[in-house]
Amino acid sequence: LSRCLPLRRREHLCRRSTAPDDGGRSIRKARRMSKILNEYEAAATLSISPELLKYCASHTVKSGHTRKLVGTKNANGLFSFEEDELLSYDKYLREEWPSSMPGERPHLPDAFKTEIRTEACGECAICLANGNSCEAAHIAAVHKSKSHHPHNLIWLCANHHTKFDKGLIGPKDGLKDLVRLTKGVMRERRRLAHIGAGEVANALATLLNVASQLDTAHKKAAPADRKITEKIAVDL
């Protein structure tokens with residue numbers, strides 16, 4: 001069979017057949033090439049809060065599923081995530097959420113309700129009041145989208161939730177447009193805050209790294225030279 005194949009094709013098959021079995025290390029190495037983001041940069045990338053990302057890294061969110069968001073927690077309790085993993089998990093959240101029982105809505109974890117309640121500052125996103133009667137509303141109807149992605153959720157009072165679902169006020173699709181625009185503004189506001197927090201976190205990490213190196217140099221320095229490292233530390 002190999003004699004019937006073009007030379008390039010035979011060479012390709014040969015390379016595949018003789019490739020060493022490294023137990024998946026080459027795949028993992030390729031994954032390591034993905035950009036590493038701190039928890040605030042990750043939050044800005046997906047427009048999802050660091051708190052919800054960390055929840056997803058510790059819990060399964062879909063009934064009957066075992067997948068969690070893969071992240072790394074450092075000694076200071078801060079998380080970091082690979083950009084490719086974040087984008088993959090975001091796609092997973094947008095896919096259909098299974099129901100635990102036929103005919104029932106997919107279960108909505110409390111952490112997702114907290115996410116959109118915090119996003120709306122605890123009040124209805126439309127009337128900015130009635131916080132004690134608010135609930136999670138789906139922008140794209142859940143019976144169609146089957147998705148609890150936080151971008152498809154908004155915190156509304158019972159009154160506006162009902163009117164939104166039934167289209168009872170405003171011109172045709174007027175309230176739906178208002179809800180979508182309101183959700184977009186809230187997401188962008190939080191995203192910008194996460195970008196700022198990410199920059200601060202990176203600057204602080206750099207400063208702590210320099211301080212650690214300076215401390216090591218100070219300990220190794222001769223007594224006569226320690227005044228120099230002490231002066232650098234003061235300036236720092």
# chains A, B, ... in the order shown; residues from 1 in each chain; ligands from 1
>>> select_by_dssp(residues="stretch 73-114 of chain A", states="strand (DSSP E)", output="VMD selection string")
chain A and resid 73 79 to 82
>>> write_last_selection(atoms="all heavy atoms", output="PDB file, in the first residue's frame")
ATOM      1  N   LYS A  73      -3.988  27.716  41.812  1.00  0.00           N
ATOM      2  CA  LYS A  73      -4.048  28.572  42.984  1.00  0.00           C
ATOM      3  C   LYS A  73      -2.660  28.663  43.593  1.00  0.00           C
ATOM      4  O   LYS A  73      -2.022  27.661  43.885  1.00  0.00           O
ATOM      5  CB  LYS A  73      -5.034  27.986  44.004  1.00  0.00           C
ATOM      6  CG  LYS A  73      -5.311  28.865  45.208  1.00  0.00           C
ATOM      7  CD  LYS A  73      -6.363  28.209  46.089  1.00  0.00           C
ATOM      8  CE  LYS A  73      -6.711  29.062  47.292  1.00  0.00           C
ATOM      9  NZ  LYS A  73      -7.737  28.408  48.153  1.00  0.00           N
ATOM     10  N   PHE A  79      -5.745  32.986  42.038  1.00  0.00           N
ATOM     11  CA  PHE A  79      -5.858  32.034  40.941  1.00  0.00           C
ATOM     12  C   PHE A  79      -5.253  32.597  39.656  1.00  0.00           C
ATOM     13  O   PHE A  79      -5.207  33.813  39.447  1.00  0.00           O
ATOM     14  CB  PHE A  79      -7.334  31.711  40.674  1.00  0.00           C
ATOM     15  CG  PHE A  79      -7.898  30.635  41.558  1.00  0.00           C
ATOM     16  CD1 PHE A  79      -8.217  30.900  42.882  1.00  0.00           C
ATOM     17  CD2 PHE A  79      -8.111  29.357  41.067  1.00  0.00           C
ATOM     18  CE1 PHE A  79      -8.752  29.919  43.708  1.00  0.00           C
ATOM     19  CE2 PHE A  79      -8.635  28.362  41.877  1.00  0.00           C
ATOM     20  CZ  PHE A  79      -8.962  28.642  43.195  1.00  0.00           C
ATOM     21  N   SER A  80      -4.813  31.686  38.802  1.00  0.00           N
ATOM     22  CA  SER A  80      -4.421  32.044  37.442  1.00  0.00           C
ATOM     23  C   SER A  80      -5.025  30.999  36.513  1.00  0.00           C
ATOM     24  O   SER A  80      -5.289  29.865  36.910  1.00  0.00           O
ATOM     25  CB  SER A  80      -2.894  32.081  37.294  1.00  0.00           C
ATOM     26  OG  SER A  80      -2.320  30.830  37.597  1.00  0.00           O
ATOM     27  N   PHE A  81      -5.250  31.417  35.252  1.00  0.00           N
ATOM     28  CA  PHE A  81      -5.918  30.539  34.292  1.00  0.00           C
ATOM     29  C   PHE A  81      -5.236  30.657  32.936  1.00  0.00           C
ATOM     30  O   PHE A  81      -4.718  31.708  32.582  1.00  0.00           O
ATOM     31  CB  PHE A  81      -7.393  30.934  34.136  1.00  0.00           C
ATOM     32  CG  PHE A  81      -8.187  30.916  35.404  1.00  0.00           C
ATOM     33  CD1 PHE A  81      -8.299  32.063  36.187  1.00  0.00           C
ATOM     34  CD2 PHE A  81      -8.831  29.758  35.824  1.00  0.00           C
ATOM     35  CE1 PHE A  81      -9.038  32.058  37.357  1.00  0.00           C
ATOM     36  CE2 PHE A  81      -9.571  29.749  37.005  1.00  0.00           C
ATOM     37  CZ  PHE A  81      -9.677  30.887  37.767  1.00  0.00           C
ATOM     38  N   GLU A  82      -5.262  29.557  32.175  1.00  0.00           N
ATOM     39  CA  GLU A  82      -4.795  29.611  30.801  1.00  0.00           C
ATOM     40  C   GLU A  82      -5.895  30.207  29.940  1.00  0.00           C
ATOM     41  O   GLU A  82      -7.077  29.868  30.087  1.00  0.00           O
ATOM     42  CB  GLU A  82      -4.432  28.214  30.292  1.00  0.00           C
ATOM     43  CG  GLU A  82      -3.182  27.628  30.927  1.00  0.00           C
ATOM     44  CD  GLU A  82      -2.776  26.323  30.267  1.00  0.00           C
ATOM     45  OE1 GLU A  82      -3.402  25.954  29.242  1.00  0.00           O
ATOM     46  OE2 GLU A  82      -1.850  25.669  30.769  1.00  0.00           O
TER      47      GLU A  82
END
>>> closest_atom_pairs(of="stretch 67-141 of chain A", to="stretch 176-185 of chain A", cutoff="12 Å", atoms="only C-alpha atoms", output="JSON lines")
{"residue": "A:Ile116", "atom": "CA", "partner": "A:Lys183", "partner_atom": "CA", "distance": 9.5}
{"residue": "A:Arg117", "atom": "CA", "partner": "A:Lys183", "partner_atom": "CA", "distance": 11.9}
{"residue": "A:Glu119", "atom": "CA", "partner": "A:Lys183", "partner_atom": "CA", "distance": 9.0}
{"residue": "A:Ala120", "atom": "CA", "partner": "A:Lys183", "partner_atom": "CA", "distance": 8.9}
{"residue": "A:Cys124", "atom": "CA", "partner": "A:Val179", "partner_atom": "CA", "distance": 10.9}
{"residue": "A:Ala125", "atom": "CA", "partner": "A:Thr182", "partner_atom": "CA", "distance": 7.1}
{"residue": "A:Ile126", "atom": "CA", "partner": "A:Val179", "partner_atom": "CA", "distance": 7.3}
{"residue": "A:Cys127", "atom": "CA", "partner": "A:Val179", "partner_atom": "CA", "distance": 11.0}
{"residue": "A:Leu128", "atom": "CA", "partner": "A:Thr182", "partner_atom": "CA", "distance": 11.3}
{"residue": "A:Ala137", "atom": "CA", "partner": "A:Val179", "partner_atom": "CA", "distance": 10.2}
{"residue": "A:His138", "atom": "CA", "partner": "A:Val179", "partner_atom": "CA", "distance": 10.1}
{"residue": "A:Ile139", "atom": "CA", "partner": "A:Arg180", "partner_atom": "CA", "distance": 7.1}
{"residue": "A:Ala140", "atom": "CA", "partner": "A:Lys176", "partner_atom": "CA", "distance": 9.4}
{"residue": "A:Ala141", "atom": "CA", "partner": "A:Lys176", "partner_atom": "CA", "distance": 11.2}
>>> closest_residue(among="A:Val61, A:Cys157, A:Leu108, A:Leu52", to="A:Ser133", atoms="only C-alpha atoms")
A:Cys157
>>> residues_around(residues="A:Glu41", least_positions_apart="5", cutoff="9 Å", atoms="only C-alpha atoms", output="JSON, numbers by chain")
{"A": [46, 50, 80, 194, 195, 196, 197, 198, 199]}
>>> write_last_selection(atoms="N, CA and C atoms", output="PDB file, in the first residue's frame")
ATOM      1  N   LEU A  46     -13.482  37.239  30.075  1.00  0.00           N
ATOM      2  CA  LEU A  46     -14.800  36.625  29.911  1.00  0.00           C
ATOM      3  C   LEU A  46     -15.952  37.503  30.389  1.00  0.00           C
ATOM      4  N   PRO A  50     -14.157  37.429  39.148  1.00  0.00           N
ATOM      5  CA  PRO A  50     -13.191  36.469  39.692  1.00  0.00           C
ATOM      6  C   PRO A  50     -13.847  35.497  40.660  1.00  0.00           C
ATOM      7  N   SER A  80      -4.813  31.686  38.802  1.00  0.00           N
ATOM      8  CA  SER A  80      -4.421  32.044  37.442  1.00  0.00           C
ATOM      9  C   SER A  80      -5.025  30.999  36.513  1.00  0.00           C
ATOM     10  N   HIS A 194     -12.264  45.140  36.240  1.00  0.00           N
ATOM     11  CA  HIS A 194     -11.384  43.971  36.333  1.00  0.00           C
ATOM     12  C   HIS A 194     -10.059  44.217  35.623  1.00  0.00           C
ATOM     13  N   ILE A 195     -10.099  44.958  34.518  1.00  0.00           N
ATOM     14  CA  ILE A 195      -8.848  45.298  33.822  1.00  0.00           C
ATOM     15  C   ILE A 195      -7.939  46.094  34.746  1.00  0.00           C
ATOM     16  N   GLY A 196      -8.512  47.107  35.415  1.00  0.00           N
ATOM     17  CA  GLY A 196      -7.722  47.902  36.357  1.00  0.00           C
ATOM     18  C   GLY A 196      -7.171  47.078  37.489  1.00  0.00           C
ATOM     19  N   ALA A 197      -7.995  46.174  38.031  1.00  0.00           N
ATOM     20  CA  ALA A 197      -7.541  45.314  39.127  1.00  0.00           C
ATOM     21  C   ALA A 197      -6.438  44.366  38.658  1.00  0.00           C
ATOM     22  N   GLY A 198      -6.551  43.893  37.415  1.00  0.00           N
ATOM     23  CA  GLY A 198      -5.521  43.003  36.876  1.00  0.00           C
ATOM     24  C   GLY A 198      -4.187  43.697  36.734  1.00  0.00           C
ATOM     25  N   GLU A 199      -4.211  44.949  36.284  1.00  0.00           N
ATOM     26  CA  GLU A 199      -2.965  45.724  36.147  1.00  0.00           C
ATOM     27  C   GLU A 199      -2.326  45.964  37.515  1.00  0.00           C
TER      28      GLU A 199
END
>>> closest_residue(among="A:Asn130, A:Asn38, A:Thr66, A:Thr72", to="A:Val200", atoms="only C-alpha atoms")
A:Asn38
>>> closest_atom_pairs(of="stretch 129-181 of chain A", to="stretch 89-102 of chain A", cutoff="7 Å", atoms="only C-alpha atoms", output="JSON lines")
{"residue": "A:Ser145", "atom": "CA", "partner": "A:Glu96", "partner_atom": "CA", "distance": 7.0}
{"residue": "A:Lys146", "atom": "CA", "partner": "A:Glu96", "partner_atom": "CA", "distance": 5.0}
{"residue": "A:Ser147", "atom": "CA", "partner": "A:Glu96", "partner_atom": "CA", "distance": 5.4}
{"residue": "A:His149", "atom": "CA", "partner": "A:Leu93", "partner_atom": "CA", "distance": 5.4}
>>> closest_residue(among="A:Arg189, A:Ser34, A:Glu83, A:Ser88", to="A:Lys68", atoms="only C-alpha atoms")
A:Ser88
>>> atom_distance(atom1="atom CA of A:Trp155", atom2="atom CA of A:Arg67")
26.3 Å
>>> atom_distance(atom1="atom CA of A:Lys35", atom2="atom CA of A:Glu115")
25.5 Å
>>> select_by_dssp(residues="stretch 31-161 of chain A", states="alpha helix (DSSP H)", output="PDB file with N, CA, C and O atoms, in the first residue's frame")
ATOM      1  N   ARG A  31      -0.337  23.053  25.360  1.00  0.00           N
ATOM      2  CA  ARG A  31      -1.279  23.781  26.189  1.00  0.00           C
ATOM      3  C   ARG A  31      -0.577  24.825  27.036  1.00  0.00           C
ATOM      4  O   ARG A  31      -1.120  25.890  27.306  1.00  0.00           O
ATOM      5  N   ARG A  32       0.663  24.497  27.463  1.00  0.00           N
ATOM      6  CA  ARG A  32       1.389  25.441  28.300  1.00  0.00           C
ATOM      7  C   ARG A  32       1.779  26.701  27.537  1.00  0.00           C
ATOM      8  O   ARG A  32       2.164  27.695  28.134  1.00  0.00           O
ATOM      9  N   GLU A  39      -6.411  36.195  37.942  1.00  0.00           N
ATOM     10  CA  GLU A  39      -7.860  36.061  38.060  1.00  0.00           C
ATOM     11  C   GLU A  39      -8.619  37.307  37.596  1.00  0.00           C
ATOM     12  O   GLU A  39      -9.749  37.197  37.104  1.00  0.00           O
ATOM     13  N   TYR A  40      -7.988  38.477  37.702  1.00  0.00           N
ATOM     14  CA  TYR A  40      -8.647  39.698  37.252  1.00  0.00           C
ATOM     15  C   TYR A  40      -8.586  39.832  35.729  1.00  0.00           C
ATOM     16  O   TYR A  40      -9.548  40.270  35.092  1.00  0.00           O
ATOM     17  N   GLU A  41      -7.462  39.459  35.142  1.00  0.00           N
ATOM     18  CA  GLU A  41      -7.355  39.451  33.684  1.00  0.00           C
ATOM     19  C   GLU A  41      -8.320  38.431  33.095  1.00  0.00           C
ATOM     20  O   GLU A  41      -8.937  38.669  32.050  1.00  0.00           O
ATOM     21  N   ALA A  42      -8.442  37.289  33.774  1.00  0.00           N
ATOM     22  CA  ALA A  42      -9.386  36.265  33.332  1.00  0.00           C
ATOM     23  C   ALA A  42     -10.815  36.792  33.396  1.00  0.00           C
ATOM     24  O   ALA A  42     -11.623  36.570  32.490  1.00  0.00           O
ATOM     25  N   ALA A  43     -11.118  37.511  34.472  1.00  0.00           N
ATOM     26  CA  ALA A  43     -12.455  38.093  34.629  1.00  0.00           C
ATOM     27  C   ALA A  43     -12.744  39.100  33.522  1.00  0.00           C
ATOM     28  O   ALA A  43     -13.854  39.150  32.979  1.00  0.00           O
ATOM     29  N   ALA A  44     -11.742  39.906  33.165  1.00  0.00           N
ATOM     30  CA  ALA A  44     -11.917  40.890  32.095  1.00  0.00           C
ATOM     31  C   ALA A  44     -12.079  40.199  30.744  1.00  0.00           C
ATOM     32  O   ALA A  44     -12.829  40.662  29.885  1.00  0.00           O
ATOM     33  N   THR A  45     -11.397  39.092  30.542  1.00  0.00           N
ATOM     34  CA  THR A  45     -11.470  38.362  29.274  1.00  0.00           C
ATOM     35  C   THR A  45     -12.864  37.812  29.025  1.00  0.00           C
ATOM     36  O   THR A  45     -13.391  37.896  27.913  1.00  0.00           O
ATOM     37  N   LEU A  46     -13.482  37.239  30.075  1.00  0.00           N
ATOM     38  CA  LEU A  46     -14.800  36.625  29.911  1.00  0.00           C
ATOM     39  C   LEU A  46     -15.952  37.503  30.389  1.00  0.00           C
ATOM     40  O   LEU A  46     -17.113  37.128  30.215  1.00  0.00           O
ATOM     41  N   PRO A  50     -14.157  37.429  39.148  1.00  0.00           N
ATOM     42  CA  PRO A  50     -13.191  36.469  39.692  1.00  0.00           C
ATOM     43  C   PRO A  50     -13.847  35.497  40.660  1.00  0.00           C
ATOM     44  O   PRO A  50     -13.469  34.323  40.715  1.00  0.00           O
ATOM     45  N   GLU A  51     -14.840  35.965  41.423  1.00  0.00           N
ATOM     46  CA  GLU A  51     -15.503  35.105  42.399  1.00  0.00           C
ATOM     47  C   GLU A  51     -16.220  33.950  41.709  1.00  0.00           C
ATOM     48  O   GLU A  51     -16.142  32.802  42.160  1.00  0.00           O
ATOM     49  N   LEU A  52     -16.898  34.223  40.597  1.00  0.00           N
ATOM     50  CA  LEU A  52     -17.602  33.143  39.897  1.00  0.00           C
ATOM     51  C   LEU A  52     -16.619  32.215  39.196  1.00  0.00           C
ATOM     52  O   LEU A  52     -16.834  31.003  39.142  1.00  0.00           O
ATOM     53  N   LEU A  53     -15.528  32.772  38.659  1.00  0.00           N
ATOM     54  CA  LEU A  53     -14.516  31.918  38.035  1.00  0.00           C
ATOM     55  C   LEU A  53     -13.924  30.949  39.049  1.00  0.00           C
ATOM     56  O   LEU A  53     -13.736  29.756  38.755  1.00  0.00           O
ATOM     57  N   LYS A  54     -13.656  31.446  40.240  1.00  0.00           N
ATOM     58  CA  LYS A  54     -13.090  30.576  41.286  1.00  0.00           C
ATOM     59  C   LYS A  54     -14.117  29.541  41.737  1.00  0.00           C
ATOM     60  O   LYS A  54     -13.758  28.400  42.064  1.00  0.00           O
ATOM     61  N   TYR A  55     -15.382  29.930  41.751  1.00  0.00           N
ATOM     62  CA  TYR A  55     -16.438  28.959  42.070  1.00  0.00           C
ATOM     63  C   TYR A  55     -16.454  27.843  41.019  1.00  0.00           C
ATOM     64  O   TYR A  55     -16.532  26.653  41.357  1.00  0.00           O
ATOM     65  N   CYS A  56     -16.372  28.228  39.749  1.00  0.00           N
ATOM     66  CA  CYS A  56     -16.397  27.240  38.664  1.00  0.00           C
ATOM     67  C   CYS A  56     -15.161  26.345  38.680  1.00  0.00           C
ATOM     68  O   CYS A  56     -15.194  25.219  38.170  1.00  0.00           O
ATOM     69  N   ALA A  57     -14.072  26.844  39.244  1.00  0.00           N
ATOM     70  CA  ALA A  57     -12.857  26.033  39.360  1.00  0.00           C
ATOM     71  C   ALA A  57     -12.970  25.020  40.491  1.00  0.00           C
ATOM     72  O   ALA A  57     -12.213  24.032  40.525  1.00  0.00           O
ATOM     73  N   SER A  58     -13.911  25.242  41.394  1.00  0.00           N
ATOM     74  CA  SER A  58     -14.057  24.362  42.559  1.00  0.00           C
ATOM     75  C   SER A  58     -15.314  23.502  42.511  1.00  0.00           C
ATOM     76  O   SER A  58     -15.435  22.555  43.283  1.00  0.00           O
ATOM     77  N   GLU A  83      -5.510  31.098  29.039  1.00  0.00           N
ATOM     78  CA  GLU A  83      -6.495  31.776  28.202  1.00  0.00           C
ATOM     79  C   GLU A  83      -7.303  30.777  27.372  1.00  0.00           C
ATOM     80  O   GLU A  83      -8.527  30.909  27.241  1.00  0.00           O
ATOM     81  N   ASP A  84      -6.632  29.758  26.819  1.00  0.00           N
ATOM     82  CA  ASP A  84      -7.343  28.768  26.004  1.00  0.00           C
ATOM     83  C   ASP A  84      -8.376  28.011  26.829  1.00  0.00           C
ATOM     84  O   ASP A  84      -9.467  27.705  26.346  1.00  0.00           O
ATOM     85  N   GLU A  85      -8.035  27.694  28.065  1.00  0.00           N
ATOM     86  CA  GLU A  85      -8.970  26.995  28.936  1.00  0.00           C
ATOM     87  C   GLU A  85     -10.177  27.878  29.254  1.00  0.00           C
ATOM     88  O   GLU A  85     -11.319  27.413  29.290  1.00  0.00           O
ATOM     89  N   LEU A  86      -9.935  29.156  29.477  1.00  0.00           N
ATOM     90  CA  LEU A  86     -11.032  30.086  29.743  1.00  0.00           C
ATOM     91  C   LEU A  86     -12.003  30.137  28.574  1.00  0.00           C
ATOM     92  O   LEU A  86     -13.223  30.064  28.759  1.00  0.00           O
ATOM     93  N   LEU A  87     -11.465  30.265  27.370  1.00  0.00           N
ATOM     94  CA  LEU A  87     -12.320  30.361  26.191  1.00  0.00           C
ATOM     95  C   LEU A  87     -13.081  29.065  25.955  1.00  0.00           C
ATOM     96  O   LEU A  87     -14.253  29.083  25.560  1.00  0.00           O
ATOM     97  N   SER A  88     -12.432  27.947  26.222  1.00  0.00           N
ATOM     98  CA  SER A  88     -13.092  26.655  26.080  1.00  0.00           C
ATOM     99  C   SER A  88     -14.213  26.495  27.094  1.00  0.00           C
ATOM    100  O   SER A  88     -15.308  26.013  26.776  1.00  0.00           O
ATOM    101  N   TYR A  89     -13.961  26.924  28.320  1.00  0.00           N
ATOM    102  CA  TYR A  89     -14.978  26.806  29.362  1.00  0.00           C
ATOM    103  C   TYR A  89     -16.146  27.763  29.095  1.00  0.00           C
ATOM    104  O   TYR A  89     -17.306  27.419  29.358  1.00  0.00           O
ATOM    105  N   ASP A  90     -15.853  28.934  28.571  1.00  0.00           N
ATOM    106  CA  ASP A  90     -16.900  29.880  28.226  1.00  0.00           C
ATOM    107  C   ASP A  90     -17.830  29.270  27.173  1.00  0.00           C
ATOM    108  O   ASP A  90     -19.063  29.401  27.263  1.00  0.00           O
ATOM    109  N   LYS A  91     -17.239  28.592  26.198  1.00  0.00           N
ATOM    110  CA  LYS A  91     -18.041  27.906  25.174  1.00  0.00           C
ATOM    111  C   LYS A  91     -18.888  26.812  25.815  1.00  0.00           C
ATOM    112  O   LYS A  91     -20.060  26.627  25.457  1.00  0.00           O
ATOM    113  N   TYR A  92     -18.313  26.106  26.763  1.00  0.00           N
ATOM    114  CA  TYR A  92     -19.031  25.043  27.478  1.00  0.00           C
ATOM    115  C   TYR A  92     -20.238  25.605  28.227  1.00  0.00           C
ATOM    116  O   TYR A  92     -21.324  25.018  28.224  1.00  0.00           O
ATOM    117  N   LEU A  93     -20.074  26.766  28.857  1.00  0.00           N
ATOM    118  CA  LEU A  93     -21.191  27.386  29.585  1.00  0.00           C
ATOM    119  C   LEU A  93     -22.312  27.804  28.645  1.00  0.00           C
ATOM    120  O   LEU A  93     -23.485  27.823  29.043  1.00  0.00           O
ATOM    121  N   ARG A  94     -21.968  28.147  27.416  1.00  0.00           N
ATOM    122  CA  ARG A  94     -22.975  28.580  26.450  1.00  0.00           C
ATOM    123  C   ARG A  94     -23.751  27.416  25.852  1.00  0.00           C
ATOM    124  O   ARG A  94     -24.827  27.610  25.269  1.00  0.00           O
ATOM    125  N   ASP A 110     -26.625  28.799  42.956  1.00  0.00           N
ATOM    126  CA  ASP A 110     -26.758  30.071  43.689  1.00  0.00           C
ATOM    127  C   ASP A 110     -25.643  31.043  43.337  1.00  0.00           C
ATOM    128  O   ASP A 110     -25.852  32.265  43.354  1.00  0.00           O
ATOM    129  N   ALA A 111     -24.448  30.517  43.033  1.00  0.00           N
ATOM    130  CA  ALA A 111     -23.318  31.398  42.701  1.00  0.00           C
ATOM    131  C   ALA A 111     -23.607  32.241  41.463  1.00  0.00           C
ATOM    132  O   ALA A 111     -23.142  33.379  41.346  1.00  0.00           O
ATOM    133  N   PHE A 112     -24.394  31.720  40.540  1.00  0.00           N
ATOM    134  CA  PHE A 112     -24.743  32.469  39.331  1.00  0.00           C
ATOM    135  C   PHE A 112     -25.770  33.555  39.666  1.00  0.00           C
ATOM    136  O   PHE A 112     -25.746  34.641  39.073  1.00  0.00           O
ATOM    137  N   LYS A 113     -26.651  33.272  40.612  1.00  0.00           N
ATOM    138  CA  LYS A 113     -27.597  34.299  41.060  1.00  0.00           C
ATOM    139  C   LYS A 113     -26.847  35.422  41.776  1.00  0.00           C
ATOM    140  O   LYS A 113     -27.138  36.609  41.569  1.00  0.00           O
ATOM    141  N   THR A 114     -25.879  35.039  42.597  1.00  0.00           N
ATOM    142  CA  THR A 114     -25.065  36.047  43.293  1.00  0.00           C
ATOM    143  C   THR A 114     -24.310  36.910  42.292  1.00  0.00           C
ATOM    144  O   THR A 114     -24.178  38.130  42.468  1.00  0.00           O
ATOM    145  N   GLU A 115     -23.831  36.297  41.223  1.00  0.00           N
ATOM    146  CA  GLU A 115     -23.089  37.013  40.186  1.00  0.00           C
ATOM    147  C   GLU A 115     -23.922  38.151  39.596  1.00  0.00           C
ATOM    148  O   GLU A 115     -23.471  39.300  39.511  1.00  0.00           O
ATOM    149  N   ILE A 116     -25.157  37.848  39.197  1.00  0.00           N
ATOM    150  CA  ILE A 116     -25.953  38.879  38.533  1.00  0.00           C
ATOM    151  C   ILE A 116     -26.586  39.841  39.550  1.00  0.00           C
ATOM    152  O   ILE A 116     -26.843  40.999  39.214  1.00  0.00           O
ATOM    153  N   ARG A 117     -26.805  39.379  40.779  1.00  0.00           N
ATOM    154  CA  ARG A 117     -27.303  40.295  41.816  1.00  0.00           C
ATOM    155  C   ARG A 117     -26.244  41.343  42.147  1.00  0.00           C
ATOM    156  O   ARG A 117     -26.534  42.535  42.271  1.00  0.00           O
ATOM    157  N   THR A 118     -25.002  40.908  42.265  1.00  0.00           N
ATOM    158  CA  THR A 118     -23.896  41.834  42.522  1.00  0.00           C
ATOM    159  C   THR A 118     -23.708  42.776  41.341  1.00  0.00           C
ATOM    160  O   THR A 118     -23.457  43.975  41.517  1.00  0.00           O
ATOM    161  N   GLU A 119     -23.821  42.247  40.134  1.00  0.00           N
ATOM    162  CA  GLU A 119     -23.681  43.052  38.925  1.00  0.00           C
ATOM    163  C   GLU A 119     -24.689  44.203  38.911  1.00  0.00           C
ATOM    164  O   GLU A 119     -24.380  45.318  38.472  1.00  0.00           O
ATOM    165  N   VAL A 142     -35.075  30.568  28.485  1.00  0.00           N
ATOM    166  CA  VAL A 142     -34.350  29.364  28.878  1.00  0.00           C
ATOM    167  C   VAL A 142     -34.889  28.123  28.186  1.00  0.00           C
ATOM    168  O   VAL A 142     -34.148  27.165  27.940  1.00  0.00           O
ATOM    169  N   HIS A 143     -36.176  28.108  27.849  1.00  0.00           N
ATOM    170  CA  HIS A 143     -36.720  26.916  27.172  1.00  0.00           C
ATOM    171  C   HIS A 143     -36.183  26.786  25.750  1.00  0.00           C
ATOM    172  O   HIS A 143     -36.263  25.723  25.143  1.00  0.00           O
ATOM    173  N   LYS A 144     -35.607  27.908  25.230  1.00  0.00           N
ATOM    174  CA  LYS A 144     -34.985  27.863  23.908  1.00  0.00           C
ATOM    175  C   LYS A 144     -33.463  27.738  24.014  1.00  0.00           C
ATOM    176  O   LYS A 144     -32.843  26.933  23.336  1.00  0.00           O
ATOM    177  N   SER A 145     -32.864  28.573  24.849  1.00  0.00           N
ATOM    178  CA  SER A 145     -31.401  28.592  24.952  1.00  0.00           C
ATOM    179  C   SER A 145     -30.861  27.436  25.776  1.00  0.00           C
ATOM    180  O   SER A 145     -29.747  26.969  25.544  1.00  0.00           O
ATOM    181  N   ALA A 158     -39.760  41.140  40.225  1.00  0.00           N
ATOM    182  CA  ALA A 158     -40.812  40.266  39.710  1.00  0.00           C
ATOM    183  C   ALA A 158     -41.673  40.980  38.670  1.00  0.00           C
ATOM    184  O   ALA A 158     -42.087  40.394  37.659  1.00  0.00           O
ATOM    185  N   ASN A 159     -41.930  42.279  38.895  1.00  0.00           N
ATOM    186  CA  ASN A 159     -42.761  43.056  37.979  1.00  0.00           C
ATOM    187  C   ASN A 159     -42.122  43.155  36.595  1.00  0.00           C
ATOM    188  O   ASN A 159     -42.749  42.852  35.567  1.00  0.00           O
ATOM    189  N   HIS A 160     -40.853  43.576  36.548  1.00  0.00           N
ATOM    190  CA  HIS A 160     -40.189  43.730  35.248  1.00  0.00           C
ATOM    191  C   HIS A 160     -39.838  42.381  34.619  1.00  0.00           C
ATOM    192  O   HIS A 160     -39.764  42.279  33.391  1.00  0.00           O
ATOM    193  N   HIS A 161     -39.629  41.381  35.435  1.00  0.00           N
ATOM    194  CA  HIS A 161     -39.383  40.044  34.895  1.00  0.00           C
ATOM    195  C   HIS A 161     -40.605  39.577  34.111  1.00  0.00           C
ATOM    196  O   HIS A 161     -40.501  39.092  32.978  1.00  0.00           O
TER     197      HIS A 161
END
